[in-house]
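Below is one structure, written out as structure tokens, with a few remarks after it.
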Amino acid sequence: MTFAPTRPIGPARNRFLGAVYARNSSAVMSRGLLATRSSNVAIVVSGFFEPVFYLLSMGIGLGALVGTVVTTTGQEVSYAAFIAPALLAVSAMNGAIYDSTWNVFFKMNYAKLYEGMLTTSLGPLDVALGEIALALLRGVLYALGFLIVMQSLGLNLSWTAILALPAVVLIAFGFASLGMAVTSYLTTFQQMDWINFVMLPMFLFSATFYPLSVYPEPIQWIVQALPLWHGVELIRGLTTGALSMALLGHVLYYLVMIAIGLVFTTSRLKKLFLD
Amino acid sequence: MARVSVGIVPAPVITASALTKTYKGFSAVDGISFEVAPGESFGLLGPNGAGKSTTMRMVGAVSTRTSGELAILGLDPDQYGPEIRSQLGVVPQSDNLDMELRVRDNLIVYGRYFGLPRAQVAKRADELLEFAQLADRAKSKVDDLSGGMKRRLTIARALINDPRILLLDEPTTGLDPQARHILWDRLFRLKEQGTTLVLTTHYMDEAEQLCDRLVVVDKGRIMAEGSPAALIREYSSREVLEVRFGSERNEALGEQLAGIGDRVEVLPDRVLIYSSNGEAVLERITQLGHEPITSLVRRSSLEDVFLRLTGRTLVE
Ligand SMILES: Nc1ncnc2c1ncn2[C@@H]1O[C@H](COP(=O)(O)OP(=O)(O)O)[C@@H](O)[C@H]1O
Ligand SMILES: [Mg+2]
């Protein structure tokens with residue numbers, strides 16, 4: 001029996017990513033947008049308000065007692081202006097995590113959505129990118145709303161606050177990418193609860209509500225290893241106008257996080273649905 | 001001068017040779033070989049666990065083979081997965097429709113996964129809704145469809161990219177008889193239009209109705225191959241007499257009746273006697289003084305072929 005290949009179908013693809021990427025992640029993202037239309041508006045909006053409530057209660061309420069805080073770069077700012085950039089990063093994170101964890105878990109294990117997608121000419125990287133872009137979009141929308149709240153409360157202390165916009169895209173991308181990667185390896189609800197178990201302390205302890213310097217050094221190292229701290233420091237630098245080379249380090253951290261998330265999500269989808 | 005006419009045999013669209021899939025040392029598909037010609041309707045008939053779905057997933061380029069050769073449209077799925085998938089329509093064993101989208105959107109979104117232009121996909125979606133007799137359900141939620149309708153929608157979805165091969169894994173399992181007949185009618189139309197169909201089933205009537213040619217598979221291996229009629233001719237007699245003596249006595253009487261007809265098979269609930277003339281055999285049995293509780297003469301079917309080949313029935 002011979003296996004003489006007939007003419008190849010369609011244009012020859014880039015063989016390097018050919019098997020995992022069809023340059024069509026936009027189809028996956030459009031699907032997500034169409035499906036979101038039918039989702040519960042109350043749940044979507046509630047995620048946005050959480051950091052806003054923190055800002056109002058802690059920033060304004062607690063801020064009256066605290067007075068001013070000194071940032072890493074030695075600036076003295078009002079307590080509200082100190083926590084607002086941190087909450088902006090949290091807002092981007094929350095939005096990105098919302099879609100990339102529980103929603104992905106459901107689509108993967110119950111709706112068999114990715115199984116269906118991967119019987120078409122889509123590759124796993126298309127699915128990963130499309131789903132991550134969708135999650136990222138929610139993070140960016142939350143953050144955009146939050147940035148407007150900050151502006152109207154006069155908490156953006158420098159013109160460089162405008163750079164917080166691309167920064168929140170980066171942060172949301174990082175969390176969406178890592179969130180989906182982690183979720184793709186989880187198979188039970190109990191494991192999914194671990195995500196919350198990590199998220200809450202990270203939210204509270206990442207120099208969100210007080211400077212990192214309150215911790216003993218070993219604890220500082222742990223906090224500095226976690227992604228949220230880098231997001232908080234990046235945005236705080238931008239909204240308070242304290243630009244430094246350290247900000248580039250935070251950007252790099254997120255670029256690596258995005259890359260790791262994409263690689264792991266893609267290989268996991270490949271393993272699960274193209275075994 | 002005499003002219004030599006050369007028959008042009010079209011290249012097969014699927015060629016499998018010693019195709020094998022092993023899961024942790026267990027061979028789900030154990031060295032099967034077959035070819036499918038363009039326009040042909042080819043079936044894999046076998047019981048649960050025979051390896052049908054595993055084979056379909058390899059042919060569908062969503063599962064990599066452990067060993068053997070496989071070419072789909074002349075391409076190796078290990079290297080050309082996306083290209084191959086772009087030319088296939090897939091109806092998986094269990095529906096995986098997009099429950100968050102409405103009926104028509106299911107078709108459009110799926111078409112977009114192939115990178116097809118929106119306008120083209122929208123036009124085709126409307127045609128396919130007509131074909132699947134779901135035009136009046138275009139705006140329905142998928143959840144509100146009956147099982148048969150969901151299956152038809154899955155078939156419509158599989159046709160959105162105008163595939164060169166349609167893969168159907170147990171297209172009618174779990175449907176009521178009426179829904180099955182509607183579905184068979186649709187599939188028969190596709191077959192008439194020249195669509196290449198590859199389907200799996202454990203229903204012999206489905207295989208007889210839809211397949212030009214089939215392989216009987218069991219435990220990951222091919223037991224026989226041919227057209228339904230040829231298989232029946234080769235592995236069974238023309239007629240079968242089914243007699244029931246009650247579950248206690250079937251076994252004993254089966255032994256006594258050995259030698260009557262071409263062959264006797266004893267099942268827990270009945271005795272099957274194969275011959276070219278069932279009525280004549282029944283007469284002999286009565287002459288011998290045996291009184292079956294019920295008796296039935298029918299033509300041989302693929303079920304009998306399977307029983308002959310494996311000693312077991314297709315549907316347990
Ligand atoms: N992913 C898998 N991992 C391990 N075993 C599998 C897997 N998929 C199928 N099998 C086993 O392979 C055999 C054939 O399965 P399958 O191809 O689904 O059969 P069929 O479709 O004919 O019912 C079964 O024994 C099944 O348990
Ligand atoms: Mg099966």
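FYI, nothing fancy with the structure tokens labels: chains A, B, ... in order, residues from 1 per chain, ligands from 1 as they appear.
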
(message) List as a ChimeraX atom specification the protein and nucleic acid residues near segment 90-99 of chain A, meaning an atom at most 7 Å away when only C-alpha atoms are counted, but skip any in the same chain fewer than 4 places from it.
(response) /A:47-48,51,86,103-104,135-136,138-140,142-143,168,171-172,175-176,179

(request) May I have the residues within 10 Å of Leu167 of chain B as a PyMOL selection string, using only C-alpha atoms and disregarding those fewer than 5 positions away in the same chain? (result) chain B and resi 42-43+56-57+59-60+88-92+155+158+196-200

With all heavy atoms kept, could you save the residues just selected as a compact mmCIF listing (two decimals), in the first residue's frame?
```
# COMPACT_ATOMS: atom_id res chain seq x y z
N PHE B 42 -19.17 4.51 4.16
CA PHE B 42 -18.40 3.43 4.80
C PHE B 42 -18.74 3.35 6.27
O PHE B 42 -18.86 4.38 6.95
CB PHE B 42 -16.91 3.74 4.61
CG PHE B 42 -16.00 2.71 5.23
CD1 PHE B 42 -15.74 1.51 4.58
CD2 PHE B 42 -15.40 2.95 6.46
CE1 PHE B 42 -14.88 0.57 5.15
CE2 PHE B 42 -14.55 2.00 7.04
CZ PHE B 42 -14.30 0.81 6.37
N GLY B 43 -18.91 2.13 6.79
CA GLY B 43 -19.32 1.99 8.18
C GLY B 43 -18.37 1.16 9.01
O GLY B 43 -17.68 0.28 8.50
N MET B 56 -12.43 6.81 14.92
CA MET B 56 -12.97 8.05 14.35
C MET B 56 -12.16 9.26 14.78
O MET B 56 -11.97 10.20 14.02
CB MET B 56 -14.43 8.23 14.79
CG MET B 56 -15.37 7.24 14.19
SD MET B 56 -15.47 7.40 12.40
CE MET B 56 -17.03 8.22 12.24
N ARG B 57 -11.70 9.26 16.01
CA ARG B 57 -10.92 10.40 16.49
C ARG B 57 -9.56 10.48 15.80
O ARG B 57 -9.06 11.56 15.54
CB ARG B 57 -10.77 10.34 18.02
CG ARG B 57 -12.08 10.73 18.75
CD ARG B 57 -12.01 10.51 20.26
NE ARG B 57 -10.74 10.91 20.84
CZ ARG B 57 -10.39 12.17 21.10
NH1 ARG B 57 -11.23 13.15 20.87
NH2 ARG B 57 -9.22 12.43 21.62
N VAL B 59 -9.06 9.34 12.70
CA VAL B 59 -9.39 9.80 11.35
C VAL B 59 -9.71 11.30 11.35
O VAL B 59 -9.37 12.03 10.44
CB VAL B 59 -10.58 8.98 10.78
CG1 VAL B 59 -11.09 9.59 9.49
CG2 VAL B 59 -10.17 7.53 10.55
N GLY B 60 -10.33 11.75 12.42
CA GLY B 60 -10.69 13.16 12.55
C GLY B 60 -9.51 14.05 12.92
O GLY B 60 -9.70 15.25 13.13
N LEU B 88 -13.04 18.27 7.03
CA LEU B 88 -13.89 17.24 7.62
C LEU B 88 -15.11 17.87 8.28
O LEU B 88 -15.07 19.00 8.74
CB LEU B 88 -13.13 16.45 8.69
CG LEU B 88 -11.85 15.72 8.30
CD1 LEU B 88 -11.27 15.01 9.51
CD2 LEU B 88 -12.13 14.74 7.18
N GLY B 89 -16.19 17.09 8.31
CA GLY B 89 -17.33 17.44 9.15
C GLY B 89 -17.42 16.37 10.21
O GLY B 89 -17.31 15.18 9.90
N VAL B 90 -17.56 16.77 11.47
CA VAL B 90 -17.51 15.78 12.54
C VAL B 90 -18.78 15.81 13.38
O VAL B 90 -19.16 16.86 13.90
CB VAL B 90 -16.28 16.02 13.45
CG1 VAL B 90 -16.28 15.03 14.60
CG2 VAL B 90 -14.99 15.90 12.65
N VAL B 91 -19.42 14.65 13.50
CA VAL B 91 -20.55 14.50 14.41
C VAL B 91 -20.09 13.55 15.51
O VAL B 91 -20.00 12.34 15.30
CB VAL B 91 -21.78 13.92 13.68
CG1 VAL B 91 -22.93 13.68 14.64
CG2 VAL B 91 -22.21 14.86 12.57
N PRO B 92 -19.71 14.09 16.68
CA PRO B 92 -19.16 13.23 17.72
C PRO B 92 -20.25 12.37 18.36
O PRO B 92 -21.43 12.62 18.19
CB PRO B 92 -18.58 14.21 18.73
CG PRO B 92 -19.34 15.46 18.54
CD PRO B 92 -19.81 15.48 17.11
N ILE B 155 -25.38 17.69 12.94
CA ILE B 155 -25.05 17.30 11.56
C ILE B 155 -24.97 18.54 10.68
O ILE B 155 -24.04 18.70 9.89
CB ILE B 155 -26.08 16.28 11.02
CG1 ILE B 155 -25.90 14.96 11.77
CG2 ILE B 155 -25.91 16.08 9.52
CD1 ILE B 155 -26.96 13.92 11.48
N ALA B 158 -21.80 20.21 11.27
CA ALA B 158 -20.66 19.50 10.67
C ALA B 158 -20.56 19.78 9.17
O ALA B 158 -19.52 19.55 8.57
CB ALA B 158 -20.80 18.00 10.92
N THR B 196 -19.12 11.89 0.99
CA THR B 196 -18.45 10.72 1.55
C THR B 196 -18.83 10.61 3.02
O THR B 196 -18.60 11.54 3.78
CB THR B 196 -16.93 10.84 1.41
OG1 THR B 196 -16.61 11.14 0.06
CG2 THR B 196 -16.23 9.57 1.85
N LEU B 197 -19.43 9.50 3.40
CA LEU B 197 -19.84 9.31 4.79
C LEU B 197 -19.00 8.22 5.43
O LEU B 197 -18.78 7.17 4.83
CB LEU B 197 -21.31 8.89 4.90
CG LEU B 197 -22.41 9.77 4.31
CD1 LEU B 197 -23.77 9.12 4.57
CD2 LEU B 197 -22.37 11.16 4.91
N VAL B 198 -18.54 8.49 6.65
CA VAL B 198 -17.93 7.42 7.44
C VAL B 198 -18.70 7.40 8.74
O VAL B 198 -18.76 8.41 9.44
CB VAL B 198 -16.44 7.69 7.70
CG1 VAL B 198 -15.85 6.59 8.58
CG2 VAL B 198 -15.68 7.78 6.40
N LEU B 199 -19.33 6.28 9.04
CA LEU B 199 -20.13 6.27 10.25
C LEU B 199 -19.88 5.03 11.08
O LEU B 199 -19.49 3.98 10.56
CB LEU B 199 -21.62 6.41 9.93
CG LEU B 199 -22.32 5.34 9.11
CD1 LEU B 199 -23.14 4.45 10.03
CD2 LEU B 199 -23.25 5.99 8.10
N THR B 200 -20.07 5.18 12.37
CA THR B 200 -19.99 4.03 13.26
C THR B 200 -21.37 3.76 13.81
O THR B 200 -22.19 4.67 13.89
CB THR B 200 -19.07 4.28 14.47
OG1 THR B 200 -19.79 5.07 15.41
CG2 THR B 200 -17.79 4.98 14.08
```

(request) Using only C-alpha atoms, find the one residue out of A:His230, A:Lys271, A:Arg236, A:His250 that sits nearest to chain B. (result) A:Lys271

(request) Could you report the residues within 10 Å of ligand 2, using only C-alpha atoms and all ligand atoms, as a PyMOL selection string? (result) chain B and resi 46-57+92-94+169-170+173+200-202

Residue list for chain B near chain A as an mmCIF file with C-alpha atoms, in the first residue's frame, 6 Å, only C-alpha atoms:
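Final output, part_34.cif:
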```
data_model
loop_
_atom_site.group_PDB
_atom_site.id
_atom_site.type_symbol
_atom_site.label_atom_id
_atom_site.label_comp_id
_atom_site.auth_asym_id
_atom_site.auth_seq_id
_atom_site.Cartn_x
_atom_site.Cartn_y
_atom_site.Cartn_z
ATOM 1 C CA VAL B 62 -7.854 14.897 16.993
ATOM 2 C CA SER B 63 -6.058 11.841 18.309
ATOM 3 C CA THR B 64 -2.584 10.725 17.345
ATOM 4 C CA GLY B 74 -3.482 12.073 1.155
ATOM 5 C CA LEU B 75 -2.149 13.870 4.233
ATOM 6 C CA PRO B 82 -5.521 21.609 10.992
ATOM 7 C CA ARG B 85 -9.770 19.095 10.006
ATOM 8 C CA SER B 86 -10.674 21.981 7.710
ATOM 9 C CA ASN B 96 -21.090 19.140 22.063
ATOM 10 C CA GLU B 100 -24.608 29.452 25.355
ATOM 11 C CA LEU B 101 -25.517 30.237 21.749
ATOM 12 C CA ARG B 112 -16.150 31.146 11.710
ATOM 13 C CA TYR B 113 -13.835 28.704 13.497
ATOM 14 C CA PHE B 114 -12.847 27.533 10.012
#
```

(request) Determine the nearest neighbour of Ile84 of chain B from the options B:Ala71, B:Leu97, B:Met149, B:Ala224, counting only C-alpha atoms. (result) B:Ala71

(request) Could you give me the residues within segment 145-257 of chain B that DSSP places in helix (DSSP H, G or I), as a PyMOL selection string? (result) chain B and resi 147-158+177-192+204-210+228-235+250-256

(request) Using atom CA of Arg270 of chain B and atom CA of Val240 of chain B as the two end points, give the distance in Å to one decimal. (result)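 We find that atom CA of Arg270 of chain B and atom CA of Val240 of chain B lie 11.9 Å from each other.
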
(request) Pull the strand (DSSP E) assignments for segment 68-249 of chain A out of DSSP run on the backbone, and list those residues as an MDAnalysis selection string. (result) chainID A and resid 68:70 76:78

Restricting the output to N, CA, C and O atoms, write the selected residues as a tab-separated table (two decimals), in the first residue's frame.
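After the write, result_19.tsv holds the following:
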```tsv
chain	number	residue	atom	x	y	z
A	68	THR	N	-1.29	60.47	55.73
A	68	THR	CA	-0.48	60.21	54.54
A	68	THR	C	0.40	58.98	54.73
A	68	THR	O	0.65	58.54	55.84
A	69	VAL	N	0.87	58.46	53.56
A	69	VAL	CA	1.72	57.28	53.54
A	69	VAL	C	2.93	57.58	52.66
A	69	VAL	O	2.82	58.33	51.70
A	70	VAL	N	4.07	56.99	53.02
A	70	VAL	CA	5.27	57.18	52.19
A	70	VAL	C	5.42	55.98	51.26
A	70	VAL	O	5.42	54.83	51.70
A	76	GLU	N	5.39	61.21	49.66
A	76	GLU	CA	4.34	61.20	50.69
A	76	GLU	C	3.02	61.51	50.01
A	76	GLU	O	2.86	62.56	49.38
A	77	VAL	N	2.08	60.55	50.05
A	77	VAL	CA	0.79	60.75	49.37
A	77	VAL	C	-0.35	60.45	50.33
A	77	VAL	O	-0.16	59.79	51.35
A	78	SER	N	-1.55	60.96	49.98
A	78	SER	CA	-2.73	60.68	50.81
A	78	SER	C	-2.99	59.18	50.80
A	78	SER	O	-2.62	58.48	49.84
```

(request) Just give me the gap between atom CA of Arg186 of chain B and atom CA of Tyr110 of chain B in Å, one decimal is fine. (result)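 Result for atom CA of Arg186 of chain B versus atom CA of Tyr110 of chain B: 20.5 Å, one decimal.
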
(message) Quick check, in Å to one decimal: how far apart do atom CA of Ser146 of chain B and atom CA of Glu130 of chain B lie?
(response)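 Spanning atom CA of Ser146 of chain B to atom CA of Glu130 of chain B is a straight-line distance of 16.9 Å.
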
(message) With only C-alpha atoms as the counted atoms, please give the residues lying no more than 8 Å from segment 156-166 of chain A, apart from itself and same-chain residues fewer than 3 positions off, as a PyMOL selection string.
(response) chain A and resi 81+144+150-151+169-170+235+238-241

Next, write the just-selected residues to a file, as a short mmCIF file (atom, residue, chain, number, x, y, z; two decimals), in the first residue's frame, keeping C-alpha atoms as the atom set.
```
data_model
loop_
_atom_site.label_atom_id
_atom_site.label_comp_id
_atom_site.auth_asym_id
_atom_site.auth_seq_id
_atom_site.Cartn_x
_atom_site.Cartn_y
_atom_site.Cartn_z
CA ALA A 81 -4.00 57.99 46.53
CA LEU A 144 -11.08 51.58 32.84
CA MET A 150 -9.91 57.66 40.46
CA GLN A 151 -9.73 60.61 38.11
CA VAL A 169 -3.95 45.67 29.76
CA LEU A 170 -0.63 44.06 30.58
CA ILE A 235 0.57 51.22 38.57
CA LEU A 238 2.53 55.55 37.09
CA THR A 239 -0.33 57.24 38.95
CA THR A 240 1.96 58.96 41.42
CA GLY A 241 4.44 59.97 38.73
#
```

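Counting only C-alpha atoms, the residue from A:Pro211, A:Pro124, A:Gly67, A:Pro85 that sits nearest to Ser267 of chain A is A:Pro124.
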
(message) as a ChimeraX atom specification, please: the residues near Ile72 of chain B (cut-off 9 Å, only C-alpha atoms, same-chain neighbours under 5 positions excluded).
(response) /B:12-16,59-61,77,84

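Close contacts of segment 258-264 of chain A, defined as residues with an atom at most 7 Å away when counting only C-alpha atoms, with chain neighbours fewer than 5 positions off set aside, comprise Ala128, Phe173, Gly174, Ser177, Leu178 and Ala181 of chain A.
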
With N, CA, C and O atoms retained, write the just-selected residues as a CSV table (one decimal), in the first residue's frame.
```
chain,number,residue,atom,x,y,z
A,128,ALA,N,-6.6,29.3,23.2
A,128,ALA,CA,-6.0,29.9,24.4
A,128,ALA,C,-6.0,31.4,24.2
A,128,ALA,O,-6.5,32.2,25.1
A,173,PHE,N,-3.8,40.8,31.0
A,173,PHE,CA,-3.3,39.8,30.1
A,173,PHE,C,-2.5,38.7,31.0
A,173,PHE,O,-2.8,37.5,30.8
A,174,GLY,N,-1.7,39.2,31.9
A,174,GLY,CA,-0.9,38.3,32.7
A,174,GLY,C,-1.8,37.4,33.5
A,174,GLY,O,-1.6,36.2,33.5
A,177,SER,N,-3.9,35.0,31.4
A,177,SER,CA,-3.0,33.9,30.8
A,177,SER,C,-2.7,32.9,31.9
A,177,SER,O,-2.9,31.7,31.7
A,178,LEU,N,-2.2,33.3,33.0
A,178,LEU,CA,-1.9,32.4,34.1
A,178,LEU,C,-3.1,31.7,34.7
A,178,LEU,O,-3.1,30.5,34.9
A,181,ALA,N,-4.1,29.0,32.4
A,181,ALA,CA,-3.2,27.9,32.4
A,181,ALA,C,-3.4,27.0,33.7
A,181,ALA,O,-3.5,25.8,33.6
```

(message) Ranking B:His181, B:Lys219, B:Lys141, B:Lys150 by minimum distance to Asp30 of chain B and counting only C-alpha atoms, which one comes first?
(response)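 Selected residue with least distance to Asp30 of chain B: B:Lys219.
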
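Using only C-alpha atoms for every distance, the candidate list B:Arg312, B:Pro177, B:Asn250, B:Val243 yields B:Val243 as the residue closest to Ile285 of chain B.
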
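All residues of protein, DNA or RNA that reach within 7 Å of Ala84 of chain A, judged by only C-alpha atoms and not counting those fewer than 4 positions away in the chain, are Leu55, Ala80, Leu88 and Met150 of chain A.
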
With N, CA and C atoms retained, export the selected residues as a PDB file, in the first residue's frame.
```
ATOM      1  N   LEU A  55     -12.166  51.216  47.822  1.00  0.00           N
ATOM      2  CA  LEU A  55     -11.583  52.560  47.701  1.00  0.00           C
ATOM      3  C   LEU A  55     -12.377  53.562  48.546  1.00  0.00           C
ATOM      4  N   ALA A  80      -5.739  57.533  50.344  1.00  0.00           N
ATOM      5  CA  ALA A  80      -6.583  57.142  49.203  1.00  0.00           C
ATOM      6  C   ALA A  80      -5.747  57.054  47.933  1.00  0.00           C
ATOM      7  N   LEU A  88      -6.680  49.543  41.514  1.00  0.00           N
ATOM      8  CA  LEU A  88      -6.800  49.513  40.056  1.00  0.00           C
ATOM      9  C   LEU A  88      -6.198  48.212  39.515  1.00  0.00           C
ATOM     10  N   MET A 150     -11.109  57.042  39.880  1.00  0.00           N
ATOM     11  CA  MET A 150      -9.906  57.658  40.462  1.00  0.00           C
ATOM     12  C   MET A 150      -9.729  59.091  39.992  1.00  0.00           C
TER      13      MET A 150
END
```
